[in-house]
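Asks: Take this structure first; my questions come after.
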Amino acid sequence: MQLICKSFFGRYCKLSLANCALFLRYSGWCLMLCCLSACGGSDQTDSAGSSPVNGSILWRASDNPAFPVSTAVAEGFNESMLEQGYSAARSTPGLYAVLVLRRGRLVGEAYFSGRKSTDLLHLRSVTKTVIGHLIGAAISQGKIQSLQQPINELLPQRYRNLLNGKAPVTVADLLSMRSGFAWDESTLAGFEQWVMSADPTRYVLEQAQTQLPGTEFRYNSANFHLLSVILSEQTGMATRDYARQVLFMPLGISNFRWEKLKDGYDNGGAGLELTARDLAKLGVLWQQQGRWGSQQVLNQAYVMNSASVQQPRSRIFAGLSISGYGYGWWLFKQNNQPAGQLAWGYGGQFVMTIPEQELTLLLMANNQTTDVTPQENAVMQLATQWFLPAVQ
């Protein structure tokens with residue numbers, strides 16, 4: 001079995017006028033999927049991190065309402081490596097944004113393919129990481145007893161009988177992708193069949209259990225959608241409203257979209273859209289173990305626990321040494337030592353945090369459905385070749 005079976009739910013939207021014909025050809029299909037944002041234009045100018053076509057890229061952070069700013073030298077970066085990294089980013093197909101932060105200060109920021117700092121961008125499976133931390137908030141508030149609570153105590157009553165005769169599945173089993181349900185999300189068809197079903201919650205709960213829960217990792221976006229359903233049931237509000245209350249408002253995040261599936265619940269597996277800056281706020285929050293400024297927004301112990309390996313999964317990905325999966329996180333090593341956490345969205349939405357280095361790195365790319373593996377590798381290669389080594 002492959003290490004990572006990312007969802008193929010994406011779009012065919014291209015980024016130049018020359019490709020408009022191709023976009024129109026696929027537009028009917030894209031609209032059916034309901035996950036499109038506007039097509040990008042040229043990469044000649046941008047409002048933040050401007051990128052003139054003829055000249056060096058402008059990536060150094062400028063004053064903005066989201067973060068205090070600093071310089072590469074002041075925050076301990078090799079400025080030349082950052083310069084080379086942003087130059088390489090400019091020619092990386094499908095890339096939309098790169099933000100570099102240290103100690104909560106914005107050092108570098110640039111946008112590509114006509115994207116701007118105010119654009120809402122698909123997070124795809126980074127949504128799972130957000131859901132994981134909302135579960136932590138619900139546990140802290142006593143709305144969920146613990147990670148070991150069986151989900152048949154938490155789901156809406158109309159779904160509970162679907163678990164009769166099956167081994168108990170816990171909240172932790174869903175968070176660590178070890179629910180035991182038969183599942184194959186390695187193809188577009190596999191994801192579509194679930195996400196476009198009349199009742200996605202019923203669909204996954206009707207699947208046979210082929211493994212004992214808690215024993216085998218199997219990538220399953222529906223696991224995190226079940227967590228979204230549980231959040232709605234236990235908090236008495238839509239997942240988006242609970243996120244707004246306990247997570248977004250404390251960070252000053254007000255502009256977002258969240259896809260709702262046909263069962264009436266917000267898509268917990270891949271439905272959230274944020275601006276790059278607001279996603280970077282979440283990255284800084286996670287890197288600081290749940291703290292934002294002087295406020296402890298998330299329970300520190302839960303954030304640290306979520307970043308511990310629940311399922312070992314060793315692999316080298318574009319120079320990054322992945323060591324396992326936590327609760328909604330991929331974990332990676334540097335120099336054979338545990339280093340940081342990776343939130344990974346389909347197509348190359350990457351949020352990387354290394355708490356010991358006080359580093360947050362954000363790279364966001366187009367969640368297209370073609371040439372995804374080369375695109376993800378190219379985007380991650382930017383991180384491993386230029387941005388991560390730039391820390392001194």
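The chains in the structure tokens are called A, B, ... from first to last as shown; in each chain the residues are counted from 1, and the ligands are counted from 1 in the order shown.
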Extract, using only C-alpha atoms, all DNA, RNA and protein residues at most 10 Å from Phe77 in chain A, discarding same-chain residues fewer than 2 positions from it, and format them as an MDAnalysis selection string.

Replies: chainID A and resid 71:75 79:82 102 107 387:392

Asks: Could the residues in this selection be written to a file with C-alpha atoms, as a CSV table (one decimal), in the first residue's frame?

Replies:
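Output file out31.csv follows:
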```csv
chain,number,residue,atom,x,y,z
A,71,THR,CA,14.1,40.8,7.8
A,72,ALA,CA,15.9,37.6,6.8
A,73,VAL,CA,19.1,38.6,8.6
A,74,ALA,CA,17.3,39.7,11.8
A,75,GLU,CA,15.5,36.3,12.0
A,79,GLU,CA,19.1,35.8,2.7
A,80,SER,CA,20.8,34.6,-0.5
A,81,MET,CA,19.2,31.2,-0.1
A,82,LEU,CA,15.8,32.8,0.4
A,102,ARG,CA,10.0,32.9,12.1
A,107,VAL,CA,10.0,37.5,6.6
A,387,PHE,CA,13.7,27.4,2.4
A,388,LEU,CA,14.4,24.9,5.1
A,389,PRO,CA,18.2,25.0,4.7
A,390,ALA,CA,18.1,28.8,4.8
A,391,VAL,CA,17.6,28.7,8.6
A,392,GLN,CA,20.9,29.4,10.2
```

Asks: Using only C-alpha atoms, which protein or nucleic acid residues come within 8 Å of Trp286 in chain A? Drop anything in the same chain fewer than 5 positions from it, and give the result as a list in words.

Replies: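 Contacts, with the query itself left out: Arg291, Val303 and Thr353 of chain A.
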
Asks: For the structure I just gave you, how does DSSP split range 44-214 of chain A - specifically, which residues are alpha helix (DSSP H)? Reply as a ChimeraX atom specification.

Replies: /A:79-90,126-140,157-160,171-175,188-195,200-205

Asks: For the residues in that selection, give me N, CA and C atoms as a short mmCIF file (atom, residue, chain, number, x, y, z; two decimals), in the first residue's frame.

Replies:
```
data_model
loop_
_atom_site.label_atom_id
_atom_site.label_comp_id
_atom_site.auth_asym_id
_atom_site.auth_seq_id
_atom_site.Cartn_x
_atom_site.Cartn_y
_atom_site.Cartn_z
N GLU A 79 19.97 35.02 3.64
CA GLU A 79 19.14 35.82 2.72
C GLU A 79 19.34 35.41 1.27
N SER A 80 20.56 35.03 0.91
CA SER A 80 20.84 34.62 -0.46
C SER A 80 20.05 33.36 -0.82
N MET A 81 19.93 32.42 0.13
CA MET A 81 19.18 31.21 -0.14
C MET A 81 17.69 31.49 -0.29
N LEU A 82 17.17 32.41 0.52
CA LEU A 82 15.77 32.79 0.35
C LEU A 82 15.56 33.44 -1.01
N GLU A 83 16.49 34.29 -1.42
CA GLU A 83 16.39 34.94 -2.73
C GLU A 83 16.35 33.90 -3.84
N GLN A 84 17.23 32.92 -3.75
CA GLN A 84 17.25 31.86 -4.77
C GLN A 84 16.00 31.00 -4.72
N GLY A 85 15.50 30.77 -3.51
CA GLY A 85 14.29 29.99 -3.38
C GLY A 85 13.10 30.67 -4.00
N TYR A 86 12.94 31.95 -3.77
CA TYR A 86 11.82 32.68 -4.37
C TYR A 86 11.98 32.79 -5.88
N SER A 87 13.20 32.93 -6.35
CA SER A 87 13.42 32.95 -7.80
C SER A 87 13.02 31.62 -8.44
N ALA A 88 13.38 30.52 -7.76
CA ALA A 88 12.99 29.20 -8.25
C ALA A 88 11.48 29.00 -8.17
N ALA A 89 10.87 29.57 -7.14
CA ALA A 89 9.42 29.44 -6.98
C ALA A 89 8.67 30.07 -8.14
N ARG A 90 9.20 31.14 -8.64
CA ARG A 90 8.53 31.86 -9.73
C ARG A 90 8.36 31.00 -10.97
N VAL A 126 -5.41 19.93 3.95
CA VAL A 126 -5.01 20.71 5.13
C VAL A 126 -6.23 20.93 6.02
N THR A 127 -7.42 20.84 5.42
CA THR A 127 -8.67 20.88 6.19
C THR A 127 -8.64 19.84 7.31
N LYS A 128 -8.07 18.68 7.05
CA LYS A 128 -8.00 17.62 8.05
C LYS A 128 -7.23 18.08 9.30
N THR A 129 -6.15 18.81 9.08
CA THR A 129 -5.37 19.30 10.21
C THR A 129 -6.18 20.28 11.04
N VAL A 130 -6.96 21.12 10.37
CA VAL A 130 -7.83 22.06 11.08
C VAL A 130 -8.88 21.30 11.89
N ILE A 131 -9.50 20.29 11.26
CA ILE A 131 -10.50 19.48 11.97
C ILE A 131 -9.89 18.83 13.20
N GLY A 132 -8.67 18.31 13.05
CA GLY A 132 -8.00 17.67 14.18
C GLY A 132 -7.88 18.60 15.38
N HIS A 133 -7.56 19.85 15.13
CA HIS A 133 -7.39 20.79 16.23
C HIS A 133 -8.74 21.26 16.77
N LEU A 134 -9.78 21.26 15.96
CA LEU A 134 -11.12 21.55 16.47
C LEU A 134 -11.59 20.44 17.40
N ILE A 135 -11.22 19.20 17.08
CA ILE A 135 -11.53 18.09 17.98
C ILE A 135 -10.83 18.31 19.33
N GLY A 136 -9.58 18.76 19.28
CA GLY A 136 -8.86 19.07 20.52
C GLY A 136 -9.57 20.13 21.34
N ALA A 137 -10.09 21.16 20.65
CA ALA A 137 -10.83 22.22 21.36
C ALA A 137 -12.09 21.66 21.99
N ALA A 138 -12.80 20.78 21.26
CA ALA A 138 -14.04 20.20 21.79
C ALA A 138 -13.77 19.31 23.00
N ILE A 139 -12.64 18.62 23.00
CA ILE A 139 -12.26 17.81 24.17
C ILE A 139 -11.95 18.72 25.35
N SER A 140 -11.23 19.80 25.10
CA SER A 140 -10.90 20.73 26.18
C SER A 140 -12.14 21.35 26.80
N GLN A 157 -28.04 10.20 16.14
CA GLN A 157 -28.71 8.94 16.43
C GLN A 157 -29.03 8.15 15.16
N ARG A 158 -29.38 8.85 14.09
CA ARG A 158 -29.82 8.15 12.87
C ARG A 158 -28.71 7.35 12.19
N TYR A 159 -27.46 7.60 12.58
CA TYR A 159 -26.33 6.88 11.98
C TYR A 159 -25.78 5.76 12.86
N ARG A 160 -26.15 5.73 14.12
CA ARG A 160 -25.46 4.85 15.07
C ARG A 160 -25.70 3.37 14.78
N VAL A 171 -12.50 8.12 18.45
CA VAL A 171 -12.10 9.40 17.86
C VAL A 171 -10.66 9.34 17.41
N ALA A 172 -9.80 8.74 18.22
CA ALA A 172 -8.38 8.61 17.87
C ALA A 172 -8.19 7.78 16.60
N ASP A 173 -9.01 6.76 16.42
CA ASP A 173 -8.91 5.93 15.21
C ASP A 173 -9.19 6.75 13.96
N LEU A 174 -10.17 7.64 14.02
CA LEU A 174 -10.47 8.50 12.88
C LEU A 174 -9.33 9.50 12.64
N LEU A 175 -8.82 10.09 13.70
CA LEU A 175 -7.76 11.10 13.57
C LEU A 175 -6.47 10.52 13.01
N LEU A 188 -9.30 9.16 -8.54
CA LEU A 188 -10.35 10.17 -8.58
C LEU A 188 -11.70 9.52 -8.36
N ALA A 189 -11.93 8.39 -9.00
CA ALA A 189 -13.22 7.71 -8.89
C ALA A 189 -13.51 7.30 -7.45
N GLY A 190 -12.48 6.83 -6.75
CA GLY A 190 -12.66 6.40 -5.37
C GLY A 190 -13.12 7.53 -4.47
N PHE A 191 -12.55 8.71 -4.65
CA PHE A 191 -12.95 9.86 -3.85
C PHE A 191 -14.32 10.36 -4.28
N GLU A 192 -14.54 10.49 -5.59
CA GLU A 192 -15.80 11.02 -6.11
C GLU A 192 -17.01 10.21 -5.67
N GLN A 193 -16.87 8.92 -5.70
CA GLN A 193 -17.98 8.05 -5.34
C GLN A 193 -18.48 8.35 -3.93
N TRP A 194 -17.53 8.65 -3.03
CA TRP A 194 -17.92 9.02 -1.69
C TRP A 194 -18.45 10.45 -1.62
N VAL A 195 -17.67 11.41 -2.11
CA VAL A 195 -18.00 12.81 -1.87
C VAL A 195 -19.26 13.25 -2.59
N PRO A 200 -22.88 11.21 2.34
CA PRO A 200 -21.49 10.77 2.54
C PRO A 200 -21.23 10.14 3.92
N THR A 201 -21.96 10.57 4.93
CA THR A 201 -21.77 9.97 6.26
C THR A 201 -22.25 8.52 6.25
N ARG A 202 -23.43 8.29 5.73
CA ARG A 202 -23.95 6.93 5.63
C ARG A 202 -23.05 6.06 4.76
N TYR A 203 -22.53 6.66 3.68
CA TYR A 203 -21.70 5.91 2.74
C TYR A 203 -20.51 5.27 3.44
N VAL A 204 -19.79 6.02 4.24
CA VAL A 204 -18.59 5.46 4.88
C VAL A 204 -18.96 4.49 6.00
N LEU A 205 -20.02 4.79 6.73
CA LEU A 205 -20.40 3.91 7.84
C LEU A 205 -20.95 2.58 7.36
#
```

Asks: How many Å lie between CA of Glu153 in chain A and CA of His225 in chain A, rounded to one decimal?

Replies: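 Computing it gives 16.3 Å between the two atoms.
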
Asks: With only C-alpha atoms as the basis for distance, which of A:Gln145, A:Phe112, A:Asn78, A:Thr384 is at the shortest distance from Gly94 in chain A?

Replies: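 Using only C-alpha atoms, Gly94 in chain A sits closest to A:Phe112.
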
Asks: Nearest residue to Ile253 in chain A out of A:Asp278, A:Asp266, A:Asp241, A:Glu356, using only C-alpha atoms?

Replies: A:Asp278

Asks: Of the candidates A:Asn161, A:Asn299, A:Gln287, A:Asn305, which shows the shortest atom-to-atom distance to Ala343 in chain A, using only C-alpha atoms?

Replies: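 Closest residue, counting only C-alpha atoms: A:Gln287.
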
Asks: Hey, what's within 7 Å of Gly326 in chain A if we count only C-alpha atoms and toss same-chain stuff fewer than 2 positions away? As a list of chain:residue names, please?

Replies: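 Here the qualifying residues turn out to be A:Ser176, A:Ser306, A:Ala307, A:Ser308, A:Val309, A:Gln310, A:Gln311, A:Gly324, A:Gly328, A:Trp329, A:Trp330, A:Leu331.
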
Asks: In Å, how far is it from CA of Leu226 in chain A to CA of Leu154 in chain A?

Replies: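 Those two atoms sit 9.9 Å apart.
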
Asks: For range 103-105 of chain A, find every residue with an atom within 10 Å (counting only C-alpha atoms), except residues of its own chain fewer than 5 positions away, and show them as a list in words.

Replies: Ala61, Ala66, Phe67, Pro68, Val69, Ser70, Thr71, Glu75, Ala280, Lys281, Gly283, Val284, Leu285, Gln287, Gln288, Trp292, Gly293, Pro355, Gln357, Glu358, Leu359 and Thr360 of chain A

Asks: Restricted to N, CA and C atoms, what would the selected residues look like written as an mmCIF file, in the first residue's frame?

Replies:
```
data_model
loop_
_atom_site.group_PDB
_atom_site.id
_atom_site.type_symbol
_atom_site.label_atom_id
_atom_site.label_comp_id
_atom_site.auth_asym_id
_atom_site.auth_seq_id
_atom_site.Cartn_x
_atom_site.Cartn_y
_atom_site.Cartn_z
ATOM 1 N N ALA A 61 9.134 40.926 3.116
ATOM 2 C CA ALA A 61 7.849 41.260 3.718
ATOM 3 C C ALA A 61 7.678 42.763 3.873
ATOM 4 N N ALA A 66 -1.792 41.412 8.999
ATOM 5 C CA ALA A 66 -1.837 40.062 9.549
ATOM 6 C C ALA A 66 -0.698 39.759 10.505
ATOM 7 N N PHE A 67 0.504 40.271 10.207
ATOM 8 C CA PHE A 67 1.693 39.884 10.967
ATOM 9 C C PHE A 67 2.624 41.069 11.172
ATOM 10 N N PRO A 68 3.394 41.040 12.270
ATOM 11 C CA PRO A 68 4.559 41.923 12.323
ATOM 12 C C PRO A 68 5.574 41.423 11.301
ATOM 13 N N VAL A 69 6.378 42.334 10.770
ATOM 14 C CA VAL A 69 7.340 41.940 9.742
ATOM 15 C C VAL A 69 8.757 42.078 10.277
ATOM 16 N N SER A 70 9.665 41.337 9.635
ATOM 17 C CA SER A 70 11.068 41.393 9.996
ATOM 18 C C SER A 70 11.884 41.110 8.748
ATOM 19 N N THR A 71 13.196 41.056 8.936
ATOM 20 C CA THR A 71 14.084 40.795 7.806
ATOM 21 C C THR A 71 14.709 39.419 7.931
ATOM 22 N N GLU A 75 16.094 37.557 11.504
ATOM 23 C CA GLU A 75 15.474 36.316 11.971
ATOM 24 C C GLU A 75 16.347 35.095 11.724
ATOM 25 N N ALA A 280 -1.409 30.879 7.184
ATOM 26 C CA ALA A 280 -0.131 31.058 7.874
ATOM 27 C C ALA A 280 -0.343 31.374 9.357
ATOM 28 N N LYS A 281 -1.434 32.069 9.679
ATOM 29 C CA LYS A 281 -1.749 32.309 11.084
ATOM 30 C C LYS A 281 -1.961 30.984 11.816
ATOM 31 N N GLY A 283 -0.699 28.178 10.929
ATOM 32 C CA GLY A 283 0.614 27.555 11.009
ATOM 33 C C GLY A 283 1.422 28.070 12.191
ATOM 34 N N VAL A 284 1.400 29.371 12.391
ATOM 35 C CA VAL A 284 2.121 29.963 13.522
ATOM 36 C C VAL A 284 1.503 29.496 14.842
ATOM 37 N N LEU A 285 0.179 29.422 14.891
ATOM 38 C CA LEU A 285 -0.500 28.930 16.087
ATOM 39 C C LEU A 285 -0.056 27.520 16.429
ATOM 40 N N GLN A 287 2.719 26.021 15.352
ATOM 41 C CA GLN A 287 4.158 26.032 15.645
ATOM 42 C C GLN A 287 4.410 26.487 17.075
ATOM 43 N N GLN A 288 3.544 27.379 17.576
ATOM 44 C CA GLN A 288 3.678 27.890 18.945
ATOM 45 C C GLN A 288 2.833 27.082 19.937
ATOM 46 N N TRP A 292 -1.285 32.139 20.633
ATOM 47 C CA TRP A 292 -1.323 33.258 19.693
ATOM 48 C C TRP A 292 -1.177 34.543 20.494
ATOM 49 N N GLY A 293 -0.028 35.199 20.359
ATOM 50 C CA GLY A 293 0.233 36.354 21.199
ATOM 51 C C GLY A 293 0.287 35.925 22.653
ATOM 52 N N PRO A 355 8.815 23.610 15.503
ATOM 53 C CA PRO A 355 8.784 24.379 16.753
ATOM 54 C C PRO A 355 10.152 24.745 17.301
ATOM 55 N N GLN A 357 12.846 25.425 15.806
ATOM 56 C CA GLN A 357 13.427 26.518 15.030
ATOM 57 C C GLN A 357 12.505 27.727 14.982
ATOM 58 N N GLU A 358 11.331 27.619 15.600
ATOM 59 C CA GLU A 358 10.326 28.688 15.574
ATOM 60 C C GLU A 358 9.997 29.090 14.129
ATOM 61 N N LEU A 359 9.925 28.085 13.259
ATOM 62 C CA LEU A 359 9.783 28.302 11.827
ATOM 63 C C LEU A 359 8.414 27.837 11.335
ATOM 64 N N THR A 360 7.791 28.664 10.516
ATOM 65 C CA THR A 360 6.563 28.303 9.813
ATOM 66 C C THR A 360 6.770 28.603 8.336
#
```

Asks: Would you list the contacts of Met352 in chain A as a tab-separated table (two decimals) with N, CA and C atoms, in the first residue's frame, taking every protein, DNA or RNA residue within 6 Å and counting only C-alpha atoms, but skipping same-chain residues closer than 3 positions in sequence?

Replies:
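This went into around09.tsv:
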```
chain	number	residue	atom	x	y	z
A	341	GLN	N	6.18	19.21	11.70
A	341	GLN	CA	4.88	18.73	11.28
A	341	GLN	C	4.57	19.29	9.89
A	342	LEU	N	3.83	18.49	9.13
A	342	LEU	CA	3.46	18.87	7.77
A	342	LEU	C	1.97	18.65	7.57
A	360	THR	N	7.79	28.66	10.52
A	360	THR	CA	6.56	28.30	9.81
A	360	THR	C	6.77	28.60	8.34
A	361	LEU	N	6.53	27.61	7.50
A	361	LEU	CA	6.71	27.75	6.06
A	361	LEU	C	5.43	27.33	5.36
```

Asks: Restricting the calculation to only C-alpha atoms, which member of A:Asn152, A:Asn164, A:Asn64, A:Gln234 is positioned closest to Gln209 in chain A?

Replies: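 Once distances to Gln209 in chain A are computed over only C-alpha atoms, the minimum belongs to A:Asn164.
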